[in-house]
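upload-v2.txt (compact mmCIF, C-alpha atoms)
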```
# COMPACT_ATOMS: atom_id res chain seq x y z
CA MET A 20 19.66 -4.88 -9.63
CA LYS A 21 16.91 -4.88 -12.22
CA LEU A 22 13.56 -4.79 -10.45
CA LEU A 23 10.09 -5.54 -11.79
CA VAL A 24 7.62 -3.50 -9.73
CA THR A 25 3.94 -4.31 -10.20
CA GLY A 26 1.55 -1.52 -9.27
CA GLY A 27 4.44 0.89 -9.63
CA ALA A 28 2.24 3.81 -10.68
CA GLY A 29 0.24 3.59 -7.47
CA PHE A 30 0.78 5.24 -4.12
CA ILE A 31 3.24 2.86 -2.44
CA GLY A 32 4.58 1.43 -5.69
CA SER A 33 5.63 4.80 -7.06
CA ALA A 34 7.47 5.58 -3.81
CA VAL A 35 9.41 2.32 -4.25
CA VAL A 36 10.16 3.09 -7.90
CA ARG A 37 11.41 6.60 -7.13
CA LEU A 38 13.63 5.34 -4.29
CA ALA A 39 15.04 2.40 -6.26
CA ILE A 40 15.97 4.56 -9.25
CA GLY A 41 17.49 7.11 -6.91
CA ARG A 42 19.75 4.32 -5.67
CA GLY A 43 20.86 3.43 -9.18
CA HIS A 44 18.75 0.32 -9.74
CA GLN A 45 17.06 -0.43 -13.05
CA VAL A 46 13.28 -0.56 -12.68
CA VAL A 47 10.55 -1.93 -14.92
CA THR A 48 7.19 -0.61 -13.75
CA LEU A 49 4.15 -2.70 -14.62
CA ASP A 50 0.75 -1.16 -13.98
CA ALA A 51 -2.75 -1.52 -15.41
CA LEU A 52 -3.44 2.18 -14.73
CA THR A 53 -6.80 1.60 -13.12
CA TYR A 54 -8.40 4.49 -11.24
CA ALA A 55 -5.68 4.67 -8.54
CA GLY A 56 -2.65 4.22 -10.79
CA ARG A 57 -1.37 7.50 -12.22
CA LEU A 58 1.59 8.09 -14.48
CA GLU A 59 2.00 11.53 -12.89
CA ASN A 60 3.28 9.70 -9.81
CA LEU A 61 6.33 8.74 -11.87
CA ASP A 62 7.02 12.10 -13.50
CA SER A 63 10.27 12.56 -11.59
CA VAL A 64 11.74 9.36 -13.09
CA ALA A 65 9.95 9.29 -16.44
CA ASP A 66 13.06 10.32 -18.37
CA SER A 67 15.50 8.14 -16.46
CA PRO A 68 17.41 5.67 -18.64
CA ASN A 69 16.99 3.21 -15.76
CA HIS A 70 13.20 3.22 -15.95
CA ALA A 71 10.78 1.48 -18.29
CA PHE A 72 6.99 1.51 -18.03
CA ILE A 73 4.70 -1.26 -19.26
CA ARG A 74 0.94 -1.05 -19.17
CA ALA A 75 -0.28 -4.57 -18.43
CA ASP A 76 -2.97 -6.27 -16.36
CA LEU A 77 -2.13 -9.13 -13.99
CA ARG A 78 -5.54 -10.62 -14.66
CA ASP A 79 -4.35 -11.51 -18.18
CA PRO A 80 -1.62 -14.16 -17.87
CA ASP A 81 -0.70 -13.84 -21.54
CA GLN A 82 0.66 -10.34 -20.87
CA LEU A 83 3.12 -11.45 -18.20
CA GLY A 84 5.44 -14.01 -19.78
CA PRO A 85 6.73 -11.59 -22.43
CA VAL A 86 7.54 -9.01 -19.73
CA PHE A 87 9.83 -11.46 -17.94
CA ALA A 88 11.36 -12.71 -21.19
CA GLN A 89 12.10 -9.23 -22.50
CA HIS A 90 13.28 -7.50 -19.32
CA ARG A 91 14.76 -10.41 -17.35
CA PRO A 92 14.41 -8.93 -13.83
CA ASP A 93 16.60 -9.99 -10.93
CA LYS A 94 13.80 -9.48 -8.43
CA VAL A 95 10.05 -8.80 -8.36
CA LEU A 96 8.23 -6.45 -5.99
CA HIS A 97 4.53 -7.28 -6.22
CA LEU A 98 2.46 -4.30 -5.05
CA ALA A 99 -0.36 -4.33 -7.62
CA ALA A 100 -3.66 -4.82 -5.79
CA GLU A 101 -7.13 -3.53 -5.15
CA THR A 102 -6.78 -2.01 -1.68
CA HIS A 103 -9.80 0.03 -0.56
CA VAL A 104 -11.91 -1.79 2.03
CA ASP A 105 -15.07 0.18 1.21
CA ARG A 106 -14.80 -0.76 -2.47
CA SER A 107 -14.36 -4.41 -1.50
CA ILE A 108 -17.68 -4.31 0.35
CA ASP A 109 -19.54 -2.96 -2.67
CA GLY A 110 -17.70 -5.03 -5.30
CA PRO A 111 -15.70 -7.95 -3.91
CA ARG A 112 -15.31 -9.72 -7.26
CA ALA A 113 -12.68 -7.27 -8.51
CA PHE A 114 -10.62 -7.94 -5.37
CA VAL A 115 -10.68 -11.69 -5.94
CA GLU A 116 -9.82 -11.30 -9.62
CA THR A 117 -6.91 -8.89 -9.05
CA ASN A 118 -5.53 -9.83 -5.66
CA VAL A 119 -5.98 -13.60 -5.84
CA MET A 120 -5.98 -14.55 -9.52
CA GLY A 121 -3.61 -11.72 -10.47
CA THR A 122 -1.12 -12.92 -7.86
CA TYR A 123 -1.51 -16.49 -9.09
CA ASN A 124 -0.81 -15.39 -12.67
CA LEU A 125 2.27 -13.44 -11.60
CA LEU A 126 3.58 -16.32 -9.48
CA GLU A 127 3.28 -18.70 -12.42
CA ALA A 128 4.97 -16.29 -14.80
CA ALA A 129 7.76 -15.69 -12.30
CA ARG A 130 8.18 -19.42 -11.66
CA ALA A 131 8.40 -20.21 -15.37
CA TYR A 132 11.00 -17.48 -15.84
CA TRP A 133 12.99 -18.56 -12.75
CA VAL A 134 13.12 -22.17 -13.98
CA ALA A 135 14.03 -21.12 -17.54
CA GLU A 136 16.89 -19.00 -16.16
CA GLY A 137 18.30 -21.96 -14.25
CA ARG A 138 16.84 -21.03 -10.85
CA PRO A 139 19.24 -18.14 -10.16
CA GLU A 140 20.11 -17.89 -6.48
CA GLN A 141 19.65 -14.11 -6.36
CA PHE A 142 16.07 -14.14 -7.71
CA ARG A 143 13.35 -13.07 -5.29
CA PHE A 144 9.57 -12.70 -5.52
CA HIS A 145 8.64 -10.11 -2.88
CA HIS A 146 4.92 -9.98 -2.12
CA ILE A 147 3.69 -6.87 -0.31
CA SER A 148 0.65 -7.39 1.92
CA THR A 149 -1.21 -5.80 4.81
CA ASP A 150 -1.66 -6.22 8.56
CA GLU A 151 -5.41 -6.47 7.93
CA VAL A 152 -5.00 -10.18 7.13
CA PHE A 153 -4.54 -10.75 10.88
CA GLY A 154 -7.98 -9.39 11.75
CA SER A 155 -8.77 -7.12 14.67
CA LEU A 156 -7.00 -6.54 17.98
CA GLY A 157 -8.44 -5.57 21.32
CA ALA A 158 -7.04 -2.80 23.47
CA THR A 159 -3.65 -4.50 23.88
CA GLY A 160 -1.22 -6.67 21.97
CA ALA A 161 0.33 -6.46 18.50
CA PHE A 162 0.51 -8.55 15.36
CA THR A 163 3.64 -10.64 14.91
CA GLU A 164 4.67 -12.71 11.91
CA ASP A 165 3.19 -15.75 13.71
CA THR A 166 -0.24 -14.23 14.37
CA PRO A 167 -2.98 -16.47 12.89
CA TYR A 168 -4.82 -15.07 9.90
CA ALA A 169 -8.38 -13.88 10.58
CA PRO A 170 -9.45 -11.45 7.81
CA ASN A 171 -12.76 -9.65 8.26
CA SER A 172 -13.35 -7.82 4.96
CA PRO A 173 -13.39 -8.97 1.33
CA TYR A 174 -10.23 -6.89 0.84
CA SER A 175 -8.28 -8.49 3.69
CA ALA A 176 -9.58 -11.95 2.74
CA SER A 177 -8.30 -11.49 -0.81
CA LYS A 178 -4.89 -10.37 0.48
CA ALA A 179 -4.77 -13.29 2.91
CA SER A 180 -5.50 -15.63 0.00
CA SER A 181 -2.66 -14.15 -2.03
CA ASP A 182 -0.30 -14.44 0.95
CA HIS A 183 -1.11 -18.14 1.20
CA LEU A 184 -0.47 -18.64 -2.51
CA VAL A 185 2.95 -17.02 -2.19
CA ARG A 186 3.88 -19.24 0.74
CA ALA A 187 2.65 -22.33 -1.11
CA TRP A 188 4.71 -21.53 -4.22
CA HIS A 189 7.77 -21.40 -1.96
CA ALA A 190 7.00 -24.61 -0.06
CA THR A 191 5.86 -26.62 -3.08
CA PHE A 192 7.90 -25.29 -5.98
CA GLY A 193 10.87 -23.75 -4.18
CA LEU A 194 10.25 -20.27 -5.60
CA PRO A 195 12.38 -17.89 -3.47
CA VAL A 196 9.78 -15.58 -2.00
CA LEU A 197 9.65 -12.79 0.56
CA LEU A 198 6.48 -11.55 2.23
CA THR A 199 5.85 -8.33 4.12
CA ASN A 200 2.76 -7.16 6.00
CA CYS A 201 2.56 -3.43 6.64
CA SER A 202 0.46 -1.10 8.74
CA ASN A 203 -1.53 1.86 7.38
CA ASN A 204 0.50 3.94 4.94
CA TYR A 205 0.20 7.68 4.38
CA GLY A 206 2.08 10.38 2.53
CA PRO A 207 2.27 12.18 -0.84
CA TYR A 208 0.44 10.78 -3.88
CA GLN A 209 -2.12 8.78 -1.89
CA PHE A 210 -5.40 8.45 -3.78
CA PRO A 211 -8.03 10.62 -2.08
CA GLU A 212 -10.36 7.80 -1.10
CA LYS A 213 -8.18 6.95 1.92
CA LEU A 214 -8.62 8.61 5.32
CA ILE A 215 -5.84 11.20 5.46
CA PRO A 216 -6.26 12.71 1.96
CA THR A 217 -10.05 12.60 2.42
CA VAL A 218 -9.72 14.68 5.58
CA VAL A 219 -7.35 17.19 3.96
CA LEU A 220 -9.30 17.66 0.75
CA ASN A 221 -12.76 17.76 2.32
CA ALA A 222 -11.48 20.32 4.81
CA LEU A 223 -10.00 22.51 2.07
CA GLN A 224 -13.22 22.38 0.06
CA GLY A 225 -15.47 23.20 3.01
CA LYS A 226 -17.11 19.77 3.00
CA PRO A 227 -17.98 17.57 5.97
CA ILE A 228 -15.03 15.53 7.20
CA PRO A 229 -16.39 11.98 7.66
CA VAL A 230 -15.34 9.97 10.70
CA TYR A 231 -16.69 6.41 10.88
CA GLY A 232 -18.62 5.46 14.03
CA ASN A 233 -17.28 7.22 17.09
CA GLY A 234 -13.75 7.55 15.73
CA THR A 235 -12.11 5.33 18.34
CA ASN A 236 -10.76 2.74 15.90
CA VAL A 237 -6.97 2.62 16.23
CA ARG A 238 -4.35 2.25 13.49
CA ASP A 239 -0.55 2.16 13.37
CA TRP A 240 0.60 4.75 10.82
CA LEU A 241 3.63 4.27 8.54
CA TYR A 242 5.04 7.05 6.35
CA VAL A 243 5.20 5.77 2.78
CA GLU A 244 8.85 6.67 2.19
CA ASP A 245 9.83 4.74 5.32
CA HIS A 246 7.87 1.80 3.94
CA ALA A 247 9.73 2.01 0.63
CA GLU A 248 13.04 1.92 2.52
CA ALA A 249 11.86 -1.14 4.43
CA LEU A 250 10.79 -2.96 1.26
CA LEU A 251 14.19 -2.50 -0.34
CA ALA A 252 15.87 -3.60 2.89
CA VAL A 253 13.84 -6.82 2.86
CA LEU A 254 14.45 -7.34 -0.85
CA GLU A 255 18.20 -6.95 -0.43
CA GLY A 256 18.70 -8.76 2.87
CA GLY A 257 15.65 -10.84 3.72
CA ALA A 258 15.87 -14.61 3.88
CA ALA A 259 13.96 -16.50 1.19
CA GLY A 260 10.70 -17.88 2.53
CA ARG A 261 10.62 -15.42 5.44
CA SER A 262 7.95 -12.86 6.28
CA TYR A 263 8.51 -9.47 7.92
CA ASN A 264 6.04 -7.11 9.60
CA ILE A 265 6.58 -3.41 8.82
CA GLY A 266 5.04 -0.78 11.08
CA GLY A 267 5.38 2.86 11.97
CA ASN A 268 5.43 2.31 15.75
CA ARG A 269 2.79 5.01 16.10
CA GLU A 270 -0.74 4.08 17.09
CA VAL A 271 -3.47 6.69 17.15
CA SER A 272 -7.26 6.67 17.04
CA ASN A 273 -8.98 7.93 13.92
CA ILE A 274 -10.53 10.89 15.69
CA GLU A 275 -7.18 11.93 17.19
CA LEU A 276 -5.62 11.73 13.74
CA VAL A 277 -8.40 13.78 12.14
CA ARG A 278 -8.12 16.47 14.80
CA ALA A 279 -4.33 16.61 14.37
CA ILE A 280 -4.78 17.19 10.63
CA CYS A 281 -7.33 19.92 11.29
CA THR A 282 -4.88 21.63 13.66
CA LEU A 283 -2.17 21.51 10.97
CA LEU A 284 -4.55 23.00 8.41
CA ASP A 285 -5.54 25.73 10.86
CA GLU A 286 -1.85 26.68 10.92
CA LEU A 287 -0.97 26.20 7.25
CA ARG A 288 -4.18 27.36 5.55
CA PRO A 289 -6.11 29.37 8.17
CA ILE A 290 -9.82 30.07 7.90
CA ALA A 291 -12.32 31.86 10.10
CA GLY A 292 -12.89 29.37 12.89
CA THR A 293 -11.38 25.90 12.78
CA TYR A 294 -11.49 23.01 10.33
CA ALA A 295 -12.46 20.73 13.21
CA ASP A 296 -15.95 22.24 13.00
CA GLN A 297 -16.39 20.25 9.75
CA ILE A 298 -15.95 16.86 11.47
CA ASP A 299 -19.02 14.69 10.84
CA PHE A 300 -19.51 11.33 12.57
CA VAL A 301 -21.11 8.95 10.05
CA THR A 302 -22.44 5.40 9.97
CA ASP A 303 -19.64 2.95 10.61
CA ARG A 304 -18.28 0.55 7.99
CA PRO A 305 -19.68 -3.01 8.24
CA GLY A 306 -17.14 -5.31 9.94
CA HIS A 307 -14.86 -2.39 10.83
CA ASP A 308 -11.78 -3.78 12.64
CA PHE A 309 -11.24 -2.02 15.95
CA ARG A 310 -7.47 -1.89 16.22
CA TYR A 311 -4.31 -2.81 14.33
CA ALA A 312 -0.80 -2.72 15.79
CA ILE A 313 2.45 -4.10 14.38
CA ASP A 314 5.32 -5.72 16.23
CA ALA A 315 8.23 -4.95 13.88
CA THR A 316 10.93 -6.57 16.03
CA ARG A 317 12.00 -9.08 13.38
CA ILE A 318 12.85 -6.56 10.66
CA ALA A 319 14.65 -4.38 13.21
CA ASP A 320 16.71 -7.26 14.62
CA GLU A 321 17.51 -9.04 11.35
CA LEU A 322 17.77 -6.17 8.87
CA GLY A 323 18.36 -3.10 11.03
CA TRP A 324 15.31 -1.21 9.74
CA GLN A 325 13.40 1.27 11.89
CA PRO A 326 10.88 3.92 10.82
CA ALA A 327 12.66 7.25 10.47
CA THR A 328 9.67 9.60 10.29
CA SER A 329 7.55 10.56 13.29
CA LEU A 330 3.81 10.82 12.78
CA GLU A 331 3.97 14.54 13.51
CA ASP A 332 6.63 15.17 10.84
CA GLY A 333 5.00 12.81 8.36
CA LEU A 334 1.59 14.43 8.73
CA ARG A 335 3.08 17.88 8.23
CA ARG A 336 4.93 16.76 5.08
CA THR A 337 1.77 15.10 3.79
CA VAL A 338 -0.52 18.06 4.39
CA GLU A 339 2.03 20.44 2.87
CA TRP A 340 2.27 18.19 -0.21
CA TYR A 341 -1.49 18.25 -0.81
CA LEU A 342 -1.57 22.00 -0.27
CA GLY A 343 1.19 22.44 -2.84
CA ASN A 344 -0.12 19.96 -5.42
CA ASP A 345 -3.73 20.88 -6.00
CA SER A 346 -3.42 20.13 -9.73
CA TRP A 347 -2.63 16.50 -8.84
CA TRP A 348 -5.62 15.90 -6.61
CA GLN A 349 -7.99 17.99 -8.70
CA GLY A 350 -7.10 15.71 -11.61
CA VAL A 351 -8.55 12.64 -9.86
CA GLN A 352 -11.82 14.23 -8.82
CA GLY A 353 -13.41 13.37 -12.14
CA HIS A 354 -13.55 9.70 -11.17
CA ALA A 355 -17.16 8.52 -11.00
CA ASP A 356 -16.99 7.48 -7.35
CA PHE A 357 -15.02 10.45 -6.07
CA GLY A 358 -16.53 11.98 -2.93
CA LYS A 359 -19.37 9.42 -2.69
CA ARG A 360 -19.84 7.27 0.39
CA ILE A 361 -19.46 3.62 -0.55
CA GLY A 362 -19.10 0.40 1.41
CA LEU A 363 -22.37 0.52 3.34
CA THR A 364 -23.74 -2.76 1.99
CA ALA A 365 -24.45 -5.04 4.94
```

Same coordinates, now as structure tokens:
Amino acid sequence: MKLLVTGGAGFIGSAVVRLAIGRGHQVVTLDALTYAGRLENLDSVADSPNHAFIRADLRDPDQLGPVFAQHRPDKVLHLAAETHVDRSIDGPRAFVETNVMGTYNLLEAARAYWVAEGRPEQFRFHHISTDEVFGSLGATGAFTEDTPYAPNSPYSASKASSDHLVRAWHATFGLPVLLTNCSNNYGPYQFPEKLIPTVVLNALQGKPIPVYGNGTNVRDWLYVEDHAEALLAVLEGGAAGRSYNIGGNREVSNIELVRAICTLLDELRPIAGTYADQIDFVTDRPGHDFRYAIDATRIADELGWQPATSLEDGLRRTVEWYLGNDSWWQGVQGHADFGKRIGLTA
């Protein structure tokens, strides 16, 4: 297959690109290289004859048609998005422009290409989304593909909007789409504004480790390489027009997760005392969803996918990666917002 991967220089996108090329697929990576997109994430495939990189912005529709015309992809994996909830609270406009209008522009470019190519049966437009579109759960239950949408942040609202556009382009225009909603990802190459790399890097630098509220918010954690495997499984075997939930089957509260990371660091990079002494409970995020949990029965039953990495193994691999790649994370610390608390606007 020839795949067009948007956001392919980002955290999840680069994992998909590396896996797809490792399987012999041709990949065209499209990325605007905003603050979280880094070409270093693609160093291992940069010289592959099966990989091409294009710097382009989904917000500019004029940049997209030529990409389809020149590279003629068999399938599209759409991962490009603004993703950080705290940033969406401070600056929601960028999330609407990228996640909503950018998805619209890509859908229209893909539709025009699909029609011009004679509506090939094998073409797919795979839109990657989040479980946050479903809102917040109480102490029990899990999100299924039929859970009503109830987004609570500008980020999740923008992703919900893009999900609806994708479904509408299938129902109205017949564009063969796939949609997946995933739980919280973690692993190597994650930009250090997210929880797990923030904990690791603040701990290593002797800084307070921020935990929002009382730390009891619960998330289901999915190792990024397992997610990449799931995305290719859906792309290759999913039914057009169908959505699939992807989860790690491992729920844990934020404070439990933070303490587990501190325990790993105590073992792998010991200091006098314990890293857990740096934990600092801070003002909670406005509209902070209490709990997410994914019911991934459909993808297991229909496509045979299950997460292969336990949270314990995945956390160890992740912490070891950050310990062994300080040049990577030190390179992003020059960003203007790095290390600053954002998202407190109420």

Task: Distance query range 336-340 of chain A at most 7 Å, all atoms listed in the file, self and fewer than 4 positions along chain excluded, as a PyMOL selection string - done: chain A and resi 206-207+219+332+344

Please tabulate, as a Markdown table, the residues of range 154-181 of chain A that come within 9 Å of range 102-110 of chain A, each with its closest pair of atoms and the distance in Å to one decimal, counting all atoms listed in the file and ordering rows by chain, then residue number upward.
```
| residue | atom | partner | partner_atom | distance |
| --- | --- | --- | --- | --- |
| A:Ser172 | CA | A:Val104 | CA | 6.9 |
| A:Pro173 | CA | A:Ser107 | CA | 5.5 |
| A:Tyr174 | CA | A:Ser107 | CA | 5.4 |
| A:Ser175 | CA | A:Val104 | CA | 7.8 |
| A:Lys178 | CA | A:Thr102 | CA | 8.8 |
```

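Nearest to Thr282 in chain A of all the residues A:Arg335, A:Arg261, A:Arg269, A:Arg138 is A:Arg335, based on only C-alpha atoms.
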
Excluding Phe309 in chain A and residues on its chain fewer than 5 positions from it, collect all residues at most 8 Å away from it, counting all atoms listed in the file, and give them as an mmCIF file with C-alpha atoms, in the coordinates of the input.
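Once written, out_21.cif looks like this:
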```cif
data_model
loop_
_atom_site.group_PDB
_atom_site.id
_atom_site.type_symbol
_atom_site.label_atom_id
_atom_site.label_comp_id
_atom_site.auth_asym_id
_atom_site.auth_seq_id
_atom_site.Cartn_x
_atom_site.Cartn_y
_atom_site.Cartn_z
ATOM 1 C CA SER A 155 -8.770 -7.120 14.670
ATOM 2 C CA LEU A 156 -7.000 -6.540 17.980
ATOM 3 C CA GLY A 157 -8.440 -5.570 21.320
ATOM 4 C CA THR A 235 -12.110 5.330 18.340
ATOM 5 C CA ASN A 236 -10.760 2.740 15.900
ATOM 6 C CA VAL A 237 -6.970 2.620 16.230
#
```

TODO: Have a look at A:Tyr132, A:Tyr263, A:Phe153, A:Trp188 and name the one nearest to Glu321 in chain A; count all atoms listed in the file.
DONE: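 Of all the options, A:Tyr263 lies closest to Glu321 in chain A.
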
Open item on the list: Just to confirm, what's the straight-line distance from CA of Ser329 in chain A to CA of Leu38 in chain A in Å (one decimal)?
Closed with: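 So the answer is 19.3 Å.
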
Task: Using all atoms listed in the file: which of A:Arg278, A:His97, A:Arg91, A:Arg143 has the shortest distance to Leu77 in chain A - done: A:His97

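What separates CA of Gly84 in chain A from CA of Gly26 in chain A is a distance of 16.8 Å.
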
Task: Nearest-residue call for Glu270 in chain A, choices A:Gly32, A:Pro80, A:Gly160, A:Gly27, using only C-alpha atoms - done: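 Selected residue with least distance to Glu270 in chain A: A:Gly160.
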
Open item on the list: Using Å and a single decimal, report how far CA of Glu212 in chain A sits from CA of Leu83 in chain A.
Closed with: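 CA of Glu212 in chain A lies 29.1 Å from CA of Leu83 in chain A.
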
- [ ] Give the answer as one residue: which of A:Tyr208, A:Phe142, A:Glu248, A:Glu116 has the shortest atom-to-atom distance to Leu58 in chain A, using only C-alpha atoms?
- [x]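 Checking each candidate against Leu58 in chain A, we get A:Tyr208 as the closest.
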
Task: All residues 10 Å or closer to Pro211 in chain A, all atoms listed in the file, same chain fewer than 2 positions away omitted, as number ranges by chain - done: A: 55, 208-209, 213-221, 348-349, 351-352, 357-358

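Shell of range 61-68 of chain A at 12 Å, with only C-alpha atoms counted and residues fewer than 5 places along the chain excluded, is Gly26, Gly27, Ala28, Gly29, Phe30, Ile31, Gly32, Ser33, Ala34, Val35, Val36, Arg37, Leu38, Ala39, Ile40, Gly41, Gly43, His44, Gln45, Val46, Val47, Thr48, Leu49, Asp50, Gly56, Tyr208 and Trp347 of chain A.
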
Task: Ref. answer, residues at most 10 Å from (-17.2, 0.8, 7.7) with all atoms listed in the file, as a list in words - done: Val104, Asp105, Ile108, Ser172, Val230, Tyr231, Gly232, Val301, Thr302, Asp303, Arg304, Pro305, Gly306, His307, Asp308, Ile361, Gly362, Leu363, Thr364 and Ala365 of chain A

Restricting it to C-alpha atoms, dump the selection as an mmCIF file, in the frame of the given file.
```cif
data_model
loop_
_atom_site.group_PDB
_atom_site.id
_atom_site.type_symbol
_atom_site.label_atom_id
_atom_site.label_comp_id
_atom_site.auth_asym_id
_atom_site.auth_seq_id
_atom_site.Cartn_x
_atom_site.Cartn_y
_atom_site.Cartn_z
ATOM 1 C CA VAL A 104 -11.910 -1.790 2.030
ATOM 2 C CA ASP A 105 -15.070 0.180 1.210
ATOM 3 C CA ILE A 108 -17.680 -4.310 0.350
ATOM 4 C CA SER A 172 -13.350 -7.820 4.960
ATOM 5 C CA VAL A 230 -15.340 9.970 10.700
ATOM 6 C CA TYR A 231 -16.690 6.410 10.880
ATOM 7 C CA GLY A 232 -18.620 5.460 14.030
ATOM 8 C CA VAL A 301 -21.110 8.950 10.050
ATOM 9 C CA THR A 302 -22.440 5.400 9.970
ATOM 10 C CA ASP A 303 -19.640 2.950 10.610
ATOM 11 C CA ARG A 304 -18.280 0.550 7.990
ATOM 12 C CA PRO A 305 -19.680 -3.010 8.240
ATOM 13 C CA GLY A 306 -17.140 -5.310 9.940
ATOM 14 C CA HIS A 307 -14.860 -2.390 10.830
ATOM 15 C CA ASP A 308 -11.780 -3.780 12.640
ATOM 16 C CA ILE A 361 -19.460 3.620 -0.550
ATOM 17 C CA GLY A 362 -19.100 0.400 1.410
ATOM 18 C CA LEU A 363 -22.370 0.520 3.340
ATOM 19 C CA THR A 364 -23.740 -2.760 1.990
ATOM 20 C CA ALA A 365 -24.450 -5.040 4.940
#
```

Task: Pro85 in chain A environment, 12 Å, all atoms listed in the file, sequence neighbours closer than 3 positions dropped, as a ChimeraX atom specification - done: /A:73,75,79-82,88-92,125,128-129,131-132

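Among the candidate residues A:Ala100, A:Ile318, A:Val86, A:Asp93, the one lying nearest to Ala51 in chain A is A:Ala100, with distances computed using all atoms listed in the file.
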
Which residues of range 249-337 of chain A come within 9 Å of range 162-169 of chain A, and for each one, what is the closest pair of atoms and their distance in Å to one decimal, counting all atoms listed in the file, sorted by chain and residue number, as JSON lines?
```
{"residue": "A:Ser262", "atom": "CA", "partner": "A:Glu164", "partner_atom": "CA", "distance": 6.5}
{"residue": "A:Tyr263", "atom": "CA", "partner": "A:Glu164", "partner_atom": "CA", "distance": 6.4}
{"residue": "A:Asn264", "atom": "CA", "partner": "A:Glu164", "partner_atom": "CA", "distance": 6.2}
{"residue": "A:Tyr311", "atom": "CA", "partner": "A:Phe162", "partner_atom": "CA", "distance": 7.6}
{"residue": "A:Ala312", "atom": "CA", "partner": "A:Phe162", "partner_atom": "CA", "distance": 6.0}
{"residue": "A:Ile313", "atom": "CA", "partner": "A:Phe162", "partner_atom": "CA", "distance": 5.0}
{"residue": "A:Asp314", "atom": "CA", "partner": "A:Thr163", "partner_atom": "CA", "distance": 5.4}
{"residue": "A:Ala315", "atom": "CA", "partner": "A:Thr163", "partner_atom": "CA", "distance": 7.4}
{"residue": "A:Thr316", "atom": "CA", "partner": "A:Thr163", "partner_atom": "CA", "distance": 8.4}
{"residue": "A:Arg317", "atom": "CA", "partner": "A:Glu164", "partner_atom": "CA", "distance": 8.3}
```
